[in-house]
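Peer 1: I have a structure here, written as structure tokens, and I will follow up with some questions on it.
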Amino acid sequence: MGDASADPAIRSFLAPMQVGDRCSGTVAAVTRSEVTVALDGFAARPLGVVGPLDVSWQRRMTDAAVVGQRITAEVLAVDLEEGRVRLSMAATENPELWAFLKQLRFGQRLTGTVAAIESFGVFVALEEGPDHPVHPGVGFITYPELSWRRFEAASEVVAIGQRVYCEFLQFDTWEGEARLSLRATQPDPFLGFAERIAVGRRLSGRVTKVLPFGVFVQVADGVEGLVRLPELSAVPVENSEGVVRIGDELMVIVTDVDRDRRRLSLSRQQA
């Protein structure tokens with residue numbers, strides 16, 4: 001759209017706009033990367049821009065916007081230097097849901113029922129707020145946020161119809177979802193483990209994963225540590241495979257406990 005920093009007319013027009021305001025206009029152009037909008041009150045050039053993630057929760061960009069179409073959108077950001085305003089059509093497409101998601105705050109606890117389990121995560125139908133126009137539930141939990149403990153399938157942690165108590169992480173404006181964490185409401189087993197284990201402690205554990213650079217060993221319920229390749233054997237090896245297998249019981253020594261990054265380093269060689 002070009003640099004409009006020296007155009008006082010554009011700056012004067014955009015200056016009163018605030019994030020959350022609603023404005024109307026006419027779609028001027030639709031490309032793969034954005035929709036440009038000629039805003040009401042300033043016909044000289046299109047100042048509004050709708051990105052591909054802010055067009056619609058239900059449709060492709062080319063289906064949601066066509067040249068000449070009248071739209072109403074919510075202001076996401078105003079850039080006076082560039083002379084442009086970033087807009088969201090999705091916000092006005094489902095205003096009740098958008099308003100509900102916007103008022104949620106990080107760490108807020110929400111209750112709902114597991115509505116669907118997919119290969120990419122778990123949908124949760126929240127007890128509060130409106131339904132989602134597309135997905136089985138407004139809440140969504142990614143696999144890493146399901147549990148502190150290792151699992152192979154989400155069905156090991158939750159079941160369809162189960163009532164869950166989760167913590168709100170963020171508003172996913174692309175999908176119109178409340179990203180949730182189930183594990184945030186549960187004690188972190190690593191922190192309890194770190195409080196009672198010191199460097200040099202000898203432990204027994206079971207191999208849970210074998211990788212080229214080392215192996216993961218479970219040394220307590222929900223706690224795994226990494227034995228890197230140089231620490232795996234007294235004899236230098238090029239690959240973990242062939243040295244140990246999943247399910248093997250190993251004696252290891254704790255070489256480092258990183259509480260901030262939740263990382264436990266182990267050595268089989270020193271043990």
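If you're wondering about the labels, chains in the structure tokens are A, B, ... by order shown, residues count from 1 in each chain, ligands from 1 in order shown.
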Leaving out Arg150 in chain A and any residue of its chain fewer than 3 positions from it, which residues lie within 10 Å of it when counting only C-alpha atoms, given as a list in words?
Peer 2: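 With the cut-off at 10 Å, the set is Pro144, Leu146, Ser147, Ala153, Glu156, Val157, Thr208, Gln218, Asp221, Gly222, Val223 and Glu224 of chain A.
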Peer 1: Show which residues sit within 9 Å of Val207 in chain A, as an mmCIF file with N, CA and C atoms, in the first residue's frame. Count only C-alpha atoms, and ignore same-chain residues fewer than 3 positions away.
Peer 2:
data_model
loop_
_atom_site.group_PDB
_atom_site.id
_atom_site.type_symbol
_atom_site.label_atom_id
_atom_site.label_comp_id
_atom_site.auth_asym_id
_atom_site.auth_seq_id
_atom_site.Cartn_x
_atom_site.Cartn_y
_atom_site.Cartn_z
ATOM 1 N N VAL A 210 14.465 -44.418 22.185
ATOM 2 C CA VAL A 210 15.831 -44.543 21.685
ATOM 3 C C VAL A 210 15.981 -43.653 20.461
ATOM 4 N N VAL A 215 19.258 -41.680 24.664
ATOM 5 C CA VAL A 215 18.034 -42.380 25.046
ATOM 6 C C VAL A 215 17.378 -41.670 26.219
ATOM 7 N N PHE A 216 16.044 -41.761 26.277
ATOM 8 C CA PHE A 216 15.295 -41.225 27.403
ATOM 9 C C PHE A 216 14.994 -42.361 28.374
ATOM 10 N N VAL A 217 15.177 -42.057 29.645
ATOM 11 C CA VAL A 217 14.986 -43.051 30.691
ATOM 12 C C VAL A 217 14.008 -42.500 31.726
ATOM 13 N N GLN A 218 12.966 -43.266 32.016
ATOM 14 C CA GLN A 218 12.006 -42.865 33.037
ATOM 15 C C GLN A 218 12.528 -43.296 34.396
ATOM 16 N N VAL A 244 21.079 -50.139 23.611
ATOM 17 C CA VAL A 244 19.959 -50.424 24.511
ATOM 18 C C VAL A 244 18.672 -50.463 23.691
ATOM 19 N N ARG A 245 17.643 -51.010 24.283
ATOM 20 C CA ARG A 245 16.342 -51.078 23.637
ATOM 21 C C ARG A 245 15.259 -50.522 24.551
ATOM 22 N N ILE A 246 14.147 -50.134 23.968
ATOM 23 C CA ILE A 246 13.017 -49.660 24.763
ATOM 24 C C ILE A 246 12.580 -50.764 25.725
ATOM 25 N N GLY A 247 12.430 -50.386 26.969
ATOM 26 C CA GLY A 247 12.037 -51.355 27.992
ATOM 27 C C GLY A 247 13.189 -51.835 28.845
ATOM 28 N N ASP A 248 14.437 -51.593 28.386
ATOM 29 C CA ASP A 248 15.601 -52.006 29.171
ATOM 30 C C ASP A 248 15.667 -51.215 30.483
ATOM 31 N N GLU A 249 16.086 -51.896 31.534
ATOM 32 C CA GLU A 249 16.307 -51.249 32.824
ATOM 33 C C GLU A 249 17.774 -50.832 32.913
ATOM 34 N N LEU A 250 18.006 -49.564 33.231
ATOM 35 C CA LEU A 250 19.375 -49.036 33.308
ATOM 36 C C LEU A 250 19.634 -48.450 34.687
#
Peer 1: With only C-alpha atoms as the counted atoms, please give the residues lying no more than 12 Å from range 62-64 of chain A, apart from itself and same-chain residues fewer than 3 positions off, as JSON, numbers by chain.
Peer 2: {"A": [27, 29, 30, 31, 32, 33, 34, 35, 50, 52, 53, 54, 55, 56, 57, 58, 59, 67, 69, 70, 71, 88, 89, 90, 93]}
Peer 1: Filtering to N, CA and C atoms, could you give me those residues as a PDB file, in the first residue's frame?
Peer 2:
ATOM      1  N   VAL A  27     -14.524  -3.842  -0.230  1.00  0.00           N
ATOM      2  CA  VAL A  27     -13.345  -4.615  -0.623  1.00  0.00           C
ATOM      3  C   VAL A  27     -12.811  -4.072  -1.941  1.00  0.00           C
ATOM      4  N   ALA A  29      -9.528  -5.127  -3.221  1.00  0.00           N
ATOM      5  CA  ALA A  29      -8.745  -6.156  -3.912  1.00  0.00           C
ATOM      6  C   ALA A  29      -8.623  -7.369  -3.009  1.00  0.00           C
ATOM      7  N   VAL A  30      -8.514  -8.546  -3.638  1.00  0.00           N
ATOM      8  CA  VAL A  30      -8.331  -9.796  -2.913  1.00  0.00           C
ATOM      9  C   VAL A  30      -7.160 -10.539  -3.531  1.00  0.00           C
ATOM     10  N   THR A  31      -6.125 -10.804  -2.741  1.00  0.00           N
ATOM     11  CA  THR A  31      -4.980 -11.589  -3.201  1.00  0.00           C
ATOM     12  C   THR A  31      -4.819 -12.788  -2.268  1.00  0.00           C
ATOM     13  N   ARG A  32      -3.827 -13.598  -2.526  1.00  0.00           N
ATOM     14  CA  ARG A  32      -3.587 -14.763  -1.686  1.00  0.00           C
ATOM     15  C   ARG A  32      -3.097 -14.367  -0.296  1.00  0.00           C
ATOM     16  N   SER A  33      -2.533 -13.177  -0.182  1.00  0.00           N
ATOM     17  CA  SER A  33      -1.929 -12.764   1.088  1.00  0.00           C
ATOM     18  C   SER A  33      -2.765 -11.784   1.892  1.00  0.00           C
ATOM     19  N   GLU A  34      -3.733 -11.080   1.253  1.00  0.00           N
ATOM     20  CA  GLU A  34      -4.494 -10.088   1.997  1.00  0.00           C
ATOM     21  C   GLU A  34      -5.718  -9.624   1.228  1.00  0.00           C
ATOM     22  N   VAL A  35      -6.611  -9.001   1.979  1.00  0.00           N
ATOM     23  CA  VAL A  35      -7.770  -8.308   1.405  1.00  0.00           C
ATOM     24  C   VAL A  35      -7.606  -6.831   1.741  1.00  0.00           C
ATOM     25  N   VAL A  50      -6.917  -6.863   5.611  1.00  0.00           N
ATOM     26  CA  VAL A  50      -7.338  -8.062   6.336  1.00  0.00           C
ATOM     27  C   VAL A  50      -6.386  -9.187   5.935  1.00  0.00           C
ATOM     28  N   PRO A  52      -4.736 -13.134   5.917  1.00  0.00           N
ATOM     29  CA  PRO A  52      -5.358 -14.433   5.630  1.00  0.00           C
ATOM     30  C   PRO A  52      -5.902 -15.138   6.867  1.00  0.00           C
ATOM     31  N   LEU A  53      -5.355 -14.840   8.057  1.00  0.00           N
ATOM     32  CA  LEU A  53      -5.825 -15.488   9.277  1.00  0.00           C
ATOM     33  C   LEU A  53      -6.983 -14.747   9.927  1.00  0.00           C
ATOM     34  N   ASP A  54      -7.335 -13.582   9.378  1.00  0.00           N
ATOM     35  CA  ASP A  54      -8.371 -12.755   9.990  1.00  0.00           C
ATOM     36  C   ASP A  54      -9.603 -12.584   9.117  1.00  0.00           C
ATOM     37  N   VAL A  55      -9.667 -13.360   8.031  1.00  0.00           N
ATOM     38  CA  VAL A  55     -10.800 -13.218   7.118  1.00  0.00           C
ATOM     39  C   VAL A  55     -12.030 -13.946   7.630  1.00  0.00           C
ATOM     40  N   SER A  56     -11.885 -15.256   7.897  1.00  0.00           N
ATOM     41  CA  SER A  56     -13.039 -16.045   8.303  1.00  0.00           C
ATOM     42  C   SER A  56     -12.596 -17.324   8.986  1.00  0.00           C
ATOM     43  N   TRP A  57     -13.400 -17.812   9.933  1.00  0.00           N
ATOM     44  CA  TRP A  57     -13.145 -19.105  10.576  1.00  0.00           C
ATOM     45  C   TRP A  57     -13.741 -20.248   9.757  1.00  0.00           C
ATOM     46  N   GLN A  58     -14.605 -19.911   8.798  1.00  0.00           N
ATOM     47  CA  GLN A  58     -15.371 -20.947   8.119  1.00  0.00           C
ATOM     48  C   GLN A  58     -15.042 -21.100   6.639  1.00  0.00           C
ATOM     49  N   ARG A  59     -14.496 -20.043   6.022  1.00  0.00           N
ATOM     50  CA  ARG A  59     -14.349 -20.071   4.576  1.00  0.00           C
ATOM     51  C   ARG A  59     -12.947 -19.672   4.147  1.00  0.00           C
ATOM     52  N   VAL A  67     -14.249  -8.488  -4.564  1.00  0.00           N
ATOM     53  CA  VAL A  67     -14.130  -7.070  -4.869  1.00  0.00           C
ATOM     54  C   VAL A  67     -15.522  -6.452  -4.987  1.00  0.00           C
ATOM     55  N   GLN A  69     -17.525  -5.980  -2.404  1.00  0.00           N
ATOM     56  CA  GLN A  69     -18.347  -6.418  -1.271  1.00  0.00           C
ATOM     57  C   GLN A  69     -18.262  -5.419  -0.126  1.00  0.00           C
ATOM     58  N   ARG A  70     -19.399  -5.149   0.509  1.00  0.00           N
ATOM     59  CA  ARG A  70     -19.424  -4.299   1.697  1.00  0.00           C
ATOM     60  C   ARG A  70     -19.125  -5.166   2.910  1.00  0.00           C
ATOM     61  N   ILE A  71     -18.210  -4.699   3.773  1.00  0.00           N
ATOM     62  CA  ILE A  71     -17.874  -5.458   4.970  1.00  0.00           C
ATOM     63  C   ILE A  71     -17.836  -4.540   6.189  1.00  0.00           C
ATOM     64  N   SER A  88     -10.081  -7.278  11.188  1.00  0.00           N
ATOM     65  CA  SER A  88     -10.526  -8.670  11.301  1.00  0.00           C
ATOM     66  C   SER A  88     -11.987  -8.765  10.892  1.00  0.00           C
ATOM     67  N   MET A  89     -12.237  -9.528   9.818  1.00  0.00           N
ATOM     68  CA  MET A  89     -13.612  -9.816   9.424  1.00  0.00           C
ATOM     69  C   MET A  89     -14.186 -10.941  10.285  1.00  0.00           C
ATOM     70  N   ALA A  90     -13.307 -11.831  10.772  1.00  0.00           N
ATOM     71  CA  ALA A  90     -13.760 -12.944  11.611  1.00  0.00           C
ATOM     72  C   ALA A  90     -14.414 -12.430  12.895  1.00  0.00           C
ATOM     73  N   GLU A  93     -17.935 -11.662  12.081  1.00  0.00           N
ATOM     74  CA  GLU A  93     -18.667 -12.800  11.533  1.00  0.00           C
ATOM     75  C   GLU A  93     -19.369 -13.576  12.650  1.00  0.00           C
TER      76      GLU A  93
END
Peer 1: Could you name the residues that touch Glu96 in chain A at 12 Å or less, counting only C-alpha atoms, but leaving out those on the same chain fewer than 6 positions away, as a list in words?
Peer 2: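 After dropping sequence-adjacent residues, the list is Ala90, Lys102, Gln103, Gly129, Pro130, Asp131, His132, Pro133 and Gly176 of chain A.
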Peer 1: Which distance in Å separates CA of Pro95 in chain A and CA of Gly137 in chain A, to one decimal?
Peer 2: 16.6 Å
Peer 1: A:Arg105, A:Ala99, A:Tyr143, A:Arg86: which is nearest Glu118 in chain A, counting only C-alpha atoms?
Peer 2: A:Tyr143
Peer 1: Go through A:Ala159, A:Ala271, A:Leu211, A:Met251 and flag the residue nearest Ala234 in chain A, using only C-alpha atoms for the distances.
Peer 2: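 Nearest candidate to Ala234 in chain A out of A:Ala159, A:Ala271, A:Leu211, A:Met251: A:Ala271.
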Peer 1: Considering only helix (DSSP H, G or I) as DSSP defines it on the backbone, what residues of range 14-236 of chain A qualify? List them as a PyMOL selection string.
Peer 2: chain A and resi 14+61-64+90-93+95-102+143-145+154-156+183-185+189-196+229-231
Peer 1: Would you work out the distance separating CA of Cys166 in chain A from CA of Asp258 in chain A, expressed in Å to one decimal?
Peer 2: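 Separation between CA of Cys166 in chain A and CA of Asp258 in chain A: 26.2 Å.
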Peer 1: Which residue gives the smallest distance to Arg109 in chain A among A:Val85, A:Val254, A:Ala194, A:Leu169, with only C-alpha atoms counted?
Peer 2: A:Leu169
Peer 1: Taking 3 positions as the minimum chain separation for residues in the same chain, which residues sit within 10 Å of Ile160 in chain A when counting only C-alpha atoms? Answer as a list of chain:residue names.
Peer 2: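 The neighbour list is A:Thr113, A:Val114, A:Ala115, A:Ala116, A:Ile117, A:Val122, A:Phe123, A:Val124, A:Ser155, A:Arg163.
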Peer 1: A:Leu182, A:Val252, A:Val257, A:Leu126: which is nearest Thr142 in chain A, counting only C-alpha atoms?
Peer 2: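 Checking each of A:Leu182, A:Val252, A:Val257, A:Leu126 against Thr142 in chain A, counting only C-alpha atoms, the winner is A:Leu182.
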Peer 1: Rounded to one decimal place, report the CA of Val164 in chain A-CA of Arg149 in chain A distance in Å.
Peer 2: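 These two atoms are separated by 17.0 Å.
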